[in-house]
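Novice: One file is attached below, structure-v2.cif, containing mmCIF, N, CA and C atoms.
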data_final
loop_
_atom_site.label_atom_id
_atom_site.label_comp_id
_atom_site.auth_asym_id
_atom_site.auth_seq_id
_atom_site.Cartn_x
_atom_site.Cartn_y
_atom_site.Cartn_z
N MET Q 1 73.99 68.17 85.42
CA MET Q 1 75.39 68.51 85.53
C MET Q 1 75.94 68.83 84.13
N TRP Q 2 75.57 68.06 83.13
CA TRP Q 2 76.05 68.31 81.78
C TRP Q 2 75.61 69.68 81.29
N LYS Q 3 74.36 70.06 81.61
CA LYS Q 3 73.84 71.35 81.19
C LYS Q 3 74.64 72.49 81.83
N GLU Q 4 74.95 72.35 83.12
CA GLU Q 4 75.75 73.37 83.81
C GLU Q 4 77.14 73.49 83.20
N PHE Q 5 77.76 72.34 82.89
CA PHE Q 5 79.09 72.35 82.29
C PHE Q 5 79.05 73.02 80.92
N LYS Q 6 78.02 72.72 80.14
CA LYS Q 6 77.88 73.31 78.81
C LYS Q 6 77.73 74.83 78.92
N GLU Q 7 76.93 75.30 79.86
CA GLU Q 7 76.77 76.74 80.07
C GLU Q 7 78.10 77.38 80.48
N PHE Q 8 78.84 76.71 81.34
CA PHE Q 8 80.13 77.23 81.78
C PHE Q 8 81.12 77.30 80.62
N ALA Q 9 81.18 76.22 79.83
CA ALA Q 9 82.16 76.15 78.74
C ALA Q 9 81.85 77.14 77.63
N ILE Q 10 80.58 77.39 77.38
CA ILE Q 10 80.19 78.28 76.29
C ILE Q 10 80.17 79.74 76.74
N ARG Q 11 80.05 79.97 78.02
CA ARG Q 11 80.02 81.33 78.54
C ARG Q 11 81.26 82.08 78.08
N GLY Q 12 81.12 83.35 77.80
CA GLY Q 12 82.21 84.16 77.26
C GLY Q 12 83.44 84.18 78.13
N ASN Q 13 83.28 84.19 79.45
CA ASN Q 13 84.45 84.28 80.34
C ASN Q 13 85.36 83.07 80.19
N ALA Q 14 84.78 81.88 80.09
CA ALA Q 14 85.59 80.67 79.97
C ALA Q 14 86.33 80.64 78.64
N VAL Q 15 85.66 81.04 77.59
CA VAL Q 15 86.29 81.08 76.27
C VAL Q 15 87.39 82.14 76.26
N ASP Q 16 87.13 83.31 76.82
CA ASP Q 16 88.14 84.36 76.90
C ASP Q 16 89.35 83.89 77.69
N MET Q 17 89.11 83.19 78.78
CA MET Q 17 90.20 82.68 79.59
C MET Q 17 91.04 81.68 78.81
N ALA Q 18 90.38 80.79 78.07
CA ALA Q 18 91.12 79.80 77.28
C ALA Q 18 91.97 80.48 76.20
N VAL Q 19 91.41 81.46 75.54
CA VAL Q 19 92.16 82.20 74.51
C VAL Q 19 93.34 82.92 75.17
N GLY Q 20 93.12 83.50 76.33
CA GLY Q 20 94.20 84.18 77.04
C GLY Q 20 95.33 83.25 77.42
N ILE Q 21 94.99 82.04 77.83
CA ILE Q 21 96.02 81.07 78.22
C ILE Q 21 96.84 80.65 76.99
N VAL Q 22 96.18 80.40 75.87
CA VAL Q 22 96.89 79.99 74.65
C VAL Q 22 97.79 81.12 74.16
N VAL Q 23 97.25 82.34 74.10
CA VAL Q 23 98.05 83.47 73.65
C VAL Q 23 99.19 83.74 74.63
N GLY Q 24 98.91 83.61 75.92
CA GLY Q 24 99.95 83.81 76.93
C GLY Q 24 101.08 82.80 76.80
N ALA Q 25 100.75 81.56 76.50
CA ALA Q 25 101.78 80.54 76.33
C ALA Q 25 102.64 80.86 75.11
N ALA Q 26 102.01 81.28 74.03
CA ALA Q 26 102.78 81.64 72.83
C ALA Q 26 103.63 82.87 73.09
N PHE Q 27 103.07 83.84 73.80
CA PHE Q 27 103.82 85.06 74.14
C PHE Q 27 105.01 84.72 75.03
N GLY Q 28 104.83 83.79 75.94
CA GLY Q 28 105.92 83.37 76.82
C GLY Q 28 107.08 82.77 76.04
N LYS Q 29 106.76 82.00 75.00
CA LYS Q 29 107.81 81.41 74.16
C LYS Q 29 108.57 82.49 73.40
N ILE Q 30 107.86 83.50 72.93
CA ILE Q 30 108.50 84.60 72.22
C ILE Q 30 109.44 85.35 73.16
N VAL Q 31 108.96 85.64 74.37
CA VAL Q 31 109.79 86.35 75.33
C VAL Q 31 110.99 85.50 75.73
N ASP Q 32 110.79 84.20 75.89
CA ASP Q 32 111.89 83.31 76.23
C ASP Q 32 112.97 83.37 75.14
N SER Q 33 112.56 83.35 73.89
CA SER Q 33 113.50 83.44 72.78
C SER Q 33 114.17 84.81 72.76
N LEU Q 34 113.41 85.85 73.04
CA LEU Q 34 113.98 87.20 73.08
C LEU Q 34 115.09 87.29 74.12
N VAL Q 35 114.84 86.73 75.29
CA VAL Q 35 115.85 86.77 76.35
C VAL Q 35 117.06 85.93 76.00
N LYS Q 36 116.82 84.66 75.62
CA LYS Q 36 117.92 83.73 75.35
C LYS Q 36 118.72 84.10 74.11
N ASP Q 37 118.02 84.44 73.03
CA ASP Q 37 118.67 84.58 71.74
C ASP Q 37 119.07 86.01 71.37
N ILE Q 38 118.41 87.00 71.95
CA ILE Q 38 118.67 88.39 71.57
C ILE Q 38 119.36 89.18 72.68
N MET Q 39 118.86 89.08 73.90
CA MET Q 39 119.37 89.93 74.98
C MET Q 39 120.60 89.36 75.68
N MET Q 40 120.59 88.08 75.97
CA MET Q 40 121.67 87.51 76.77
C MET Q 40 123.02 87.44 76.06
N PRO Q 41 123.09 87.13 74.75
CA PRO Q 41 124.42 87.10 74.12
C PRO Q 41 125.17 88.44 74.20
N PRO Q 42 124.54 89.59 73.86
CA PRO Q 42 125.30 90.84 74.00
C PRO Q 42 125.62 91.16 75.46
N LEU Q 43 124.69 90.85 76.37
CA LEU Q 43 124.94 91.10 77.79
C LEU Q 43 126.10 90.24 78.28
N GLY Q 44 126.14 89.00 77.83
CA GLY Q 44 127.25 88.11 78.17
C GLY Q 44 128.57 88.63 77.64
N MET Q 45 128.58 89.19 76.41
CA MET Q 45 129.80 89.74 75.84
C MET Q 45 130.27 90.96 76.63
N LEU Q 46 129.32 91.80 77.06
CA LEU Q 46 129.68 92.97 77.86
C LEU Q 46 130.29 92.59 79.20
N LEU Q 47 129.88 91.46 79.71
CA LEU Q 47 130.38 91.01 81.02
C LEU Q 47 131.52 90.01 80.88
N GLY Q 48 132.27 90.08 79.79
CA GLY Q 48 133.44 89.22 79.66
C GLY Q 48 133.16 87.90 78.96
N LYS Q 49 132.30 87.93 77.95
CA LYS Q 49 131.96 86.73 77.17
C LYS Q 49 131.42 85.59 78.03
N VAL Q 50 130.56 85.94 78.95
CA VAL Q 50 129.93 84.95 79.82
C VAL Q 50 128.64 84.48 79.15
N ASP Q 51 128.47 83.17 79.04
CA ASP Q 51 127.22 82.59 78.54
C ASP Q 51 126.37 82.29 79.76
N PHE Q 52 125.30 83.08 79.94
CA PHE Q 52 124.49 82.94 81.16
C PHE Q 52 123.87 81.55 81.30
N SER Q 53 123.55 80.91 80.18
CA SER Q 53 122.94 79.58 80.28
C SER Q 53 123.94 78.57 80.84
N ASN Q 54 125.24 78.86 80.73
CA ASN Q 54 126.26 77.97 81.28
C ASN Q 54 126.89 78.52 82.55
N LEU Q 55 126.22 79.44 83.19
CA LEU Q 55 126.70 79.98 84.46
C LEU Q 55 126.12 79.11 85.58
N PHE Q 56 126.97 78.29 86.19
CA PHE Q 56 126.49 77.36 87.22
C PHE Q 56 127.59 77.12 88.24
N LEU Q 57 127.18 76.64 89.39
CA LEU Q 57 128.12 76.24 90.44
C LEU Q 57 127.96 74.76 90.69
N VAL Q 58 129.06 74.06 90.80
CA VAL Q 58 129.02 72.62 91.06
C VAL Q 58 128.97 72.43 92.58
N LEU Q 59 127.90 71.80 93.04
CA LEU Q 59 127.76 71.50 94.47
C LEU Q 59 128.41 70.16 94.80
N THR Q 60 128.17 69.17 93.96
CA THR Q 60 128.78 67.85 94.12
C THR Q 60 129.17 67.34 92.74
N GLU Q 61 130.42 66.89 92.60
CA GLU Q 61 130.88 66.39 91.32
C GLU Q 61 130.19 65.08 90.97
N GLY Q 62 130.13 64.81 89.68
CA GLY Q 62 129.49 63.59 89.21
C GLY Q 62 130.47 62.44 89.11
N LYS Q 63 130.13 61.45 88.29
CA LYS Q 63 130.96 60.26 88.13
C LYS Q 63 132.34 60.61 87.58
N THR Q 64 132.35 61.53 86.60
CA THR Q 64 133.64 62.02 86.11
C THR Q 64 133.93 63.35 86.77
N PRO Q 65 135.13 63.54 87.30
CA PRO Q 65 135.43 64.78 88.01
C PRO Q 65 135.50 65.98 87.07
N GLY Q 66 135.23 67.16 87.63
CA GLY Q 66 135.24 68.42 86.88
C GLY Q 66 136.64 68.91 86.63
N PRO Q 67 136.84 70.03 86.11
CA PRO Q 67 135.83 71.06 85.81
C PRO Q 67 135.01 70.70 84.57
N TYR Q 68 133.79 71.21 84.56
CA TYR Q 68 132.87 70.94 83.46
C TYR Q 68 132.74 72.21 82.62
N PRO Q 69 133.00 72.12 81.33
CA PRO Q 69 132.94 73.31 80.48
C PRO Q 69 131.52 73.84 80.23
N SER Q 70 130.50 72.99 80.40
CA SER Q 70 129.12 73.43 80.18
C SER Q 70 128.19 72.75 81.16
N LEU Q 71 127.03 73.33 81.32
CA LEU Q 71 126.02 72.78 82.21
C LEU Q 71 125.56 71.41 81.72
N VAL Q 72 125.42 71.27 80.43
CA VAL Q 72 124.96 69.99 79.86
C VAL Q 72 125.95 68.87 80.21
N LEU Q 73 127.24 69.14 80.07
CA LEU Q 73 128.24 68.12 80.38
C LEU Q 73 128.27 67.82 81.88
N ALA Q 74 128.07 68.82 82.71
CA ALA Q 74 128.02 68.58 84.15
C ALA Q 74 126.82 67.71 84.52
N GLN Q 75 125.68 67.99 83.90
CA GLN Q 75 124.49 67.19 84.19
C GLN Q 75 124.63 65.77 83.64
N GLN Q 76 125.27 65.63 82.50
CA GLN Q 76 125.49 64.29 81.94
C GLN Q 76 126.42 63.48 82.83
N ALA Q 77 127.35 64.17 83.49
CA ALA Q 77 128.28 63.47 84.39
C ALA Q 77 127.63 63.14 85.72
N GLY Q 78 126.43 63.67 85.95
CA GLY Q 78 125.73 63.38 87.19
C GLY Q 78 126.07 64.36 88.31
N ALA Q 79 126.66 65.50 87.97
CA ALA Q 79 127.01 66.51 88.98
C ALA Q 79 125.74 67.22 89.46
N VAL Q 80 125.75 67.59 90.73
CA VAL Q 80 124.67 68.39 91.29
C VAL Q 80 125.10 69.85 91.13
N THR Q 81 124.27 70.62 90.42
CA THR Q 81 124.65 72.00 90.09
C THR Q 81 123.62 72.99 90.58
N LEU Q 82 124.10 74.20 90.83
CA LEU Q 82 123.25 75.34 91.14
C LEU Q 82 123.22 76.18 89.88
N ASN Q 83 122.10 76.20 89.17
CA ASN Q 83 122.00 76.80 87.83
C ASN Q 83 121.67 78.29 87.91
N VAL Q 84 122.65 79.09 88.21
CA VAL Q 84 122.48 80.53 88.39
C VAL Q 84 122.09 81.19 87.08
N GLY Q 85 122.72 80.82 85.98
CA GLY Q 85 122.43 81.44 84.68
C GLY Q 85 121.02 81.20 84.21
N LEU Q 86 120.53 79.97 84.38
CA LEU Q 86 119.15 79.68 83.98
C LEU Q 86 118.16 80.47 84.82
N PHE Q 87 118.49 80.64 86.11
CA PHE Q 87 117.65 81.44 86.98
C PHE Q 87 117.64 82.90 86.53
N LEU Q 88 118.81 83.44 86.18
CA LEU Q 88 118.87 84.82 85.69
C LEU Q 88 118.05 84.98 84.41
N ASN Q 89 118.12 84.00 83.52
CA ASN Q 89 117.30 84.05 82.30
C ASN Q 89 115.81 84.10 82.64
N MET Q 90 115.39 83.31 83.62
CA MET Q 90 113.97 83.29 84.01
C MET Q 90 113.55 84.61 84.65
N VAL Q 91 114.43 85.20 85.46
CA VAL Q 91 114.11 86.49 86.10
C VAL Q 91 113.96 87.57 85.03
N ILE Q 92 114.88 87.60 84.08
CA ILE Q 92 114.79 88.59 83.02
C ILE Q 92 113.54 88.36 82.17
N SER Q 93 113.22 87.11 81.88
CA SER Q 93 111.99 86.79 81.13
C SER Q 93 110.76 87.28 81.89
N PHE Q 94 110.74 87.03 83.19
CA PHE Q 94 109.61 87.48 84.01
C PHE Q 94 109.47 88.99 83.97
N LEU Q 95 110.58 89.70 84.10
CA LEU Q 95 110.54 91.17 84.09
C LEU Q 95 110.02 91.69 82.75
N ILE Q 96 110.45 91.07 81.66
CA ILE Q 96 109.98 91.50 80.34
C ILE Q 96 108.49 91.21 80.17
N VAL Q 97 108.06 90.02 80.56
CA VAL Q 97 106.64 89.67 80.44
C VAL Q 97 105.78 90.58 81.31
N SER Q 98 106.20 90.80 82.56
CA SER Q 98 105.39 91.63 83.44
C SER Q 98 105.34 93.08 82.94
N PHE Q 99 106.45 93.59 82.37
CA PHE Q 99 106.44 94.94 81.82
C PHE Q 99 105.52 95.00 80.60
N ALA Q 100 105.57 93.98 79.74
CA ALA Q 100 104.71 93.97 78.56
C ALA Q 100 103.23 93.91 78.97
N VAL Q 101 102.90 93.10 79.95
CA VAL Q 101 101.51 93.02 80.43
C VAL Q 101 101.09 94.35 81.05
N PHE Q 102 102.00 94.98 81.80
CA PHE Q 102 101.71 96.29 82.39
C PHE Q 102 101.39 97.31 81.29
N MET Q 103 102.21 97.33 80.24
CA MET Q 103 101.98 98.29 79.15
C MET Q 103 100.66 97.99 78.43
N LEU Q 104 100.34 96.72 78.27
CA LEU Q 104 99.08 96.34 77.63
C LEU Q 104 97.88 96.79 78.47
N VAL Q 105 97.92 96.51 79.76
CA VAL Q 105 96.82 96.91 80.65
C VAL Q 105 96.72 98.43 80.72
N ARG Q 106 97.85 99.10 80.76
CA ARG Q 106 97.87 100.57 80.80
C ARG Q 106 97.21 101.13 79.54
N GLY Q 107 97.53 100.56 78.38
CA GLY Q 107 96.92 101.01 77.13
C GLY Q 107 95.42 100.77 77.10
N ILE Q 108 95.00 99.62 77.59
CA ILE Q 108 93.56 99.31 77.63
C ILE Q 108 92.85 100.27 78.57
N ASN Q 109 93.46 100.55 79.72
CA ASN Q 109 92.84 101.48 80.67
C ASN Q 109 92.71 102.88 80.08
N LYS Q 110 93.68 103.31 79.28
CA LYS Q 110 93.58 104.62 78.64
C LYS Q 110 92.45 104.64 77.63
N LEU Q 111 92.25 103.51 76.93
CA LEU Q 111 91.14 103.45 75.98
C LEU Q 111 89.79 103.49 76.68
N ARG Q 112 89.72 102.91 77.87
CA ARG Q 112 88.47 102.86 78.63
C ARG Q 112 88.16 104.17 79.34
N ALA Q 113 89.18 105.00 79.58
CA ALA Q 113 88.99 106.24 80.33
C ALA Q 113 88.07 107.17 79.56
N PRO Q 114 87.17 107.84 80.27
CA PRO Q 114 86.27 108.77 79.58
C PRO Q 114 87.05 109.96 79.02
N VAL Q 115 86.62 110.42 77.86
CA VAL Q 115 87.26 111.57 77.23
C VAL Q 115 86.78 112.83 77.92
N GLU Q 116 87.73 113.69 78.31
CA GLU Q 116 87.37 114.92 79.00
C GLU Q 116 86.69 115.89 78.05
N GLY Q 117 85.69 116.61 78.55
CA GLY Q 117 85.00 117.60 77.76
C GLY Q 117 83.86 117.05 76.93
N VAL Q 118 83.68 115.75 76.88
CA VAL Q 118 82.60 115.15 76.11
C VAL Q 118 81.57 114.62 77.10
N ALA Q 119 80.36 115.15 77.00
CA ALA Q 119 79.30 114.73 77.91
C ALA Q 119 78.78 113.36 77.49
N PRO Q 120 78.51 112.47 78.46
CA PRO Q 120 77.95 111.17 78.10
C PRO Q 120 76.54 111.33 77.52
N VAL Q 121 76.17 110.47 76.60
CA VAL Q 121 74.86 110.51 75.97
C VAL Q 121 73.83 110.01 76.97
N THR Q 122 72.81 110.82 77.20
CA THR Q 122 71.76 110.42 78.13
C THR Q 122 70.63 109.74 77.36
N THR Q 123 70.15 108.65 77.91
CA THR Q 123 69.06 107.90 77.27
C THR Q 123 67.84 107.82 78.18
N THR Q 124 67.97 108.39 79.38
CA THR Q 124 66.85 108.35 80.33
C THR Q 124 66.61 109.74 80.91
N LYS Q 125 65.43 109.87 81.49
CA LYS Q 125 65.08 111.08 82.23
C LYS Q 125 64.41 110.65 83.52
N GLU Q 126 64.27 111.58 84.44
CA GLU Q 126 63.68 111.26 85.74
C GLU Q 126 62.21 111.62 85.74
N CYS Q 127 61.38 110.70 86.21
CA CYS Q 127 59.94 110.97 86.35
C CYS Q 127 59.77 112.01 87.47
N PRO Q 128 59.07 113.10 87.20
CA PRO Q 128 58.93 114.15 88.23
C PRO Q 128 58.03 113.73 89.41
N TYR Q 129 57.31 112.64 89.25
CA TYR Q 129 56.39 112.21 90.30
C TYR Q 129 56.98 111.16 91.23
N CYS Q 130 57.63 110.14 90.65
CA CYS Q 130 58.16 109.06 91.49
C CYS Q 130 59.69 109.01 91.49
N CYS Q 131 60.34 109.89 90.73
CA CYS Q 131 61.79 110.00 90.66
C CYS Q 131 62.48 108.75 90.10
N SER Q 132 61.79 107.94 89.33
CA SER Q 132 62.38 106.77 88.68
C SER Q 132 62.99 107.19 87.35
N GLN Q 133 63.97 106.43 86.90
CA GLN Q 133 64.58 106.69 85.60
C GLN Q 133 63.75 106.00 84.52
N VAL Q 134 63.29 106.78 83.53
CA VAL Q 134 62.49 106.25 82.43
C VAL Q 134 63.13 106.66 81.11
N SER Q 135 62.80 105.99 80.04
CA SER Q 135 63.32 106.29 78.71
C SER Q 135 62.93 107.70 78.28
N LEU Q 136 63.78 108.33 77.49
CA LEU Q 136 63.48 109.67 76.99
C LEU Q 136 62.23 109.67 76.11
N ALA Q 137 61.97 108.58 75.42
CA ALA Q 137 60.83 108.49 74.52
C ALA Q 137 59.52 108.17 75.25
N ALA Q 138 59.58 107.86 76.54
CA ALA Q 138 58.37 107.46 77.27
C ALA Q 138 57.42 108.64 77.43
N THR Q 139 56.12 108.34 77.27
CA THR Q 139 55.09 109.37 77.50
C THR Q 139 54.37 109.11 78.81
N ARG Q 140 54.54 107.90 79.34
CA ARG Q 140 54.00 107.53 80.65
C ARG Q 140 55.08 106.84 81.44
N CYS Q 141 55.11 107.07 82.74
CA CYS Q 141 56.07 106.42 83.62
C CYS Q 141 55.63 104.97 83.82
N PRO Q 142 56.52 104.00 83.56
CA PRO Q 142 56.13 102.60 83.74
C PRO Q 142 56.01 102.21 85.22
N TYR Q 143 56.47 103.05 86.11
CA TYR Q 143 56.44 102.73 87.53
C TYR Q 143 55.20 103.29 88.23
N CYS Q 144 54.91 104.59 87.96
CA CYS Q 144 53.75 105.19 88.65
C CYS Q 144 52.61 105.54 87.70
N THR Q 145 52.78 105.29 86.43
CA THR Q 145 51.82 105.50 85.33
C THR Q 145 51.41 106.96 85.15
N SER Q 146 52.20 107.88 85.66
CA SER Q 146 51.91 109.29 85.45
C SER Q 146 52.22 109.69 84.03
N ALA Q 147 51.46 110.63 83.49
CA ALA Q 147 51.72 111.15 82.16
C ALA Q 147 52.94 112.05 82.21
N LEU Q 148 53.85 111.82 81.29
CA LEU Q 148 55.08 112.62 81.24
C LEU Q 148 54.95 113.64 80.11
N GLY Q 149 55.42 114.82 80.34
CA GLY Q 149 55.26 115.91 79.37
C GLY Q 149 56.32 116.03 78.41
#
Please rewrite the model in this file as structure tokens.
Specialist:
Amino acid sequence: MWKEFKEFAIRGNAVDMAVGIVVGAAFGKIVDSLVKDIMMPPLGMLLGKVDFSNLFLVLTEGKTPGPYPSLVLAQQAGAVTLNVGLFLNMVISFLIVSFAVFMLVRGINKLRAPVEGVAPVTTTKECPYCCSQVSLAATRCPYCTSALG
């Protein structure tokens, strides 16, 4: 079992996945900051100086009655709130992350696409006797042992 685990952990796919998770977590924090600190303040100003992080609805008042000027004060008072602004921040973060991943995958796919007009390099030829693919440098077919010209 230890040998199998070692092979799994060292295999390239597992290491690639771990690196992807770490980079993805860091990228998520950057996007979260982009949404909270860069995008939402101007958007809030355009919509009448609304702070989206403090956009909430009180479902049940807490120990001290409202109105509550901020979400933090409402939660400290024990109020049950519907956090619409935090949800909007998460939706915008998701849209930005998914668009960034889409652009990344799109770029990688363009790099992988074959270039038009360039013929692929051939490294094999077909044996005229058994129709197997053999190396261009072969003088005998490794499958039927026929002499190749």
Novice: Taking all atoms listed in the file into account, name the residue in Q:Cys131, Q:Leu136, Q:Ile108, Q:Ile92 that is nearest to Val31 of chain Q.
Specialist: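 For Val31 of chain Q, the nearest of the given residues is Q:Ile92.
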Novice: Nearest to Thr64 of chain Q among Q:Ala119, Q:Ala79, Q:Phe52, Q:Arg11, with distances taken over only N, CA and C atoms: which residue is it?
Specialist: Q:Ala79
Novice: Just the number, please: distance in Å from atom N of Glu7 of chain Q to atom CA of Ile21 of chain Q, one decimal.
Specialist: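 Atom-to-atom, atom N of Glu7 of chain Q and atom CA of Ile21 of chain Q are spaced 20.0 Å apart.
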Novice: Expressed in Å to a single decimal, how great is the separation between atom CA of Thr60 of chain Q and atom CA of Val84 of chain Q?
Specialist: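 If I compute the distance from atom CA of Thr60 of chain Q to atom CA of Val84 of chain Q, I get 15.3 Å.
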Novice: Can you list, as a PDB file with N, CA and C atoms, in the coordinates of the input, the residues that the PyMOL selection byres (((chain Q and resi 54 and name CA) around 9) and name CA) selects here?
Specialist:
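result-v1.pdb, freshly written:
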ATOM      1  N   VAL Q  50     130.560  85.940  78.950  1.00  0.00           N
ATOM      2  CA  VAL Q  50     129.930  84.950  79.820  1.00  0.00           C
ATOM      3  C   VAL Q  50     128.640  84.480  79.150  1.00  0.00           C
ATOM      4  N   ASP Q  51     128.470  83.170  79.040  1.00  0.00           N
ATOM      5  CA  ASP Q  51     127.220  82.590  78.540  1.00  0.00           C
ATOM      6  C   ASP Q  51     126.370  82.290  79.760  1.00  0.00           C
ATOM      7  N   PHE Q  52     125.300  83.080  79.940  1.00  0.00           N
ATOM      8  CA  PHE Q  52     124.490  82.940  81.160  1.00  0.00           C
ATOM      9  C   PHE Q  52     123.870  81.550  81.300  1.00  0.00           C
ATOM     10  N   SER Q  53     123.550  80.910  80.180  1.00  0.00           N
ATOM     11  CA  SER Q  53     122.940  79.580  80.280  1.00  0.00           C
ATOM     12  C   SER Q  53     123.940  78.570  80.840  1.00  0.00           C
ATOM     13  N   LEU Q  55     126.220  79.440  83.190  1.00  0.00           N
ATOM     14  CA  LEU Q  55     126.700  79.980  84.460  1.00  0.00           C
ATOM     15  C   LEU Q  55     126.120  79.110  85.580  1.00  0.00           C
ATOM     16  N   PHE Q  56     126.970  78.290  86.190  1.00  0.00           N
ATOM     17  CA  PHE Q  56     126.490  77.360  87.220  1.00  0.00           C
ATOM     18  C   PHE Q  56     127.590  77.120  88.240  1.00  0.00           C
ATOM     19  N   PRO Q  69     133.000  72.120  81.330  1.00  0.00           N
ATOM     20  CA  PRO Q  69     132.940  73.310  80.480  1.00  0.00           C
ATOM     21  C   PRO Q  69     131.520  73.840  80.230  1.00  0.00           C
ATOM     22  N   SER Q  70     130.500  72.990  80.400  1.00  0.00           N
ATOM     23  CA  SER Q  70     129.120  73.430  80.180  1.00  0.00           C
ATOM     24  C   SER Q  70     128.190  72.750  81.160  1.00  0.00           C
ATOM     25  N   LEU Q  71     127.030  73.330  81.320  1.00  0.00           N
ATOM     26  CA  LEU Q  71     126.020  72.780  82.210  1.00  0.00           C
ATOM     27  C   LEU Q  71     125.560  71.410  81.720  1.00  0.00           C
ATOM     28  N   VAL Q  72     125.420  71.270  80.430  1.00  0.00           N
ATOM     29  CA  VAL Q  72     124.960  69.990  79.860  1.00  0.00           C
ATOM     30  C   VAL Q  72     125.950  68.870  80.210  1.00  0.00           C
ATOM     31  N   ASN Q  83     122.100  76.200  89.170  1.00  0.00           N
ATOM     32  CA  ASN Q  83     122.000  76.800  87.830  1.00  0.00           C
ATOM     33  C   ASN Q  83     121.670  78.290  87.910  1.00  0.00           C
ATOM     34  N   VAL Q  84     122.650  79.090  88.210  1.00  0.00           N
ATOM     35  CA  VAL Q  84     122.480  80.530  88.390  1.00  0.00           C
ATOM     36  C   VAL Q  84     122.090  81.190  87.080  1.00  0.00           C
ATOM     37  N   GLY Q  85     122.720  80.820  85.980  1.00  0.00           N
ATOM     38  CA  GLY Q  85     122.430  81.440  84.680  1.00  0.00           C
ATOM     39  C   GLY Q  85     121.020  81.200  84.210  1.00  0.00           C
ATOM     40  N   LEU Q  86     120.530  79.970  84.380  1.00  0.00           N
ATOM     41  CA  LEU Q  86     119.150  79.680  83.980  1.00  0.00           C
ATOM     42  C   LEU Q  86     118.160  80.470  84.820  1.00  0.00           C
TER      43      LEU Q  86
END
Novice: For a test of reading the model, state the distance in Å between atom N of Asn89 of chain Q and atom C of Met40 of chain Q, rounded to one decimal.
Specialist: 9.6 Å
Novice: Measuring atom to atom with all atoms listed in the file, identify which of Q:Glu4, Q:Arg112, Q:Phe94, Q:Gly62 is nearest to Val80 of chain Q.
Specialist: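 Of Q:Glu4, Q:Arg112, Q:Phe94, Q:Gly62, the one nearest Val80 of chain Q, counting all atoms listed in the file, is Q:Gly62.
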Novice: Need to verify the contact set: Thr145 of chain Q, 10 Å, only C-alpha atoms, exclusion of same-chain residues closer than 4 positions in sequence. Can you return it as a count of residues only?
Specialist: 6
Novice: Write down as a PyMOL selection string the residues belonging to segment 2-146 of chain Q that are assigned strand (DSSP E or B) by DSSP computed on the backbone.
Specialist: chain Q and resi 57-60+80-82+124-126+133-135+140
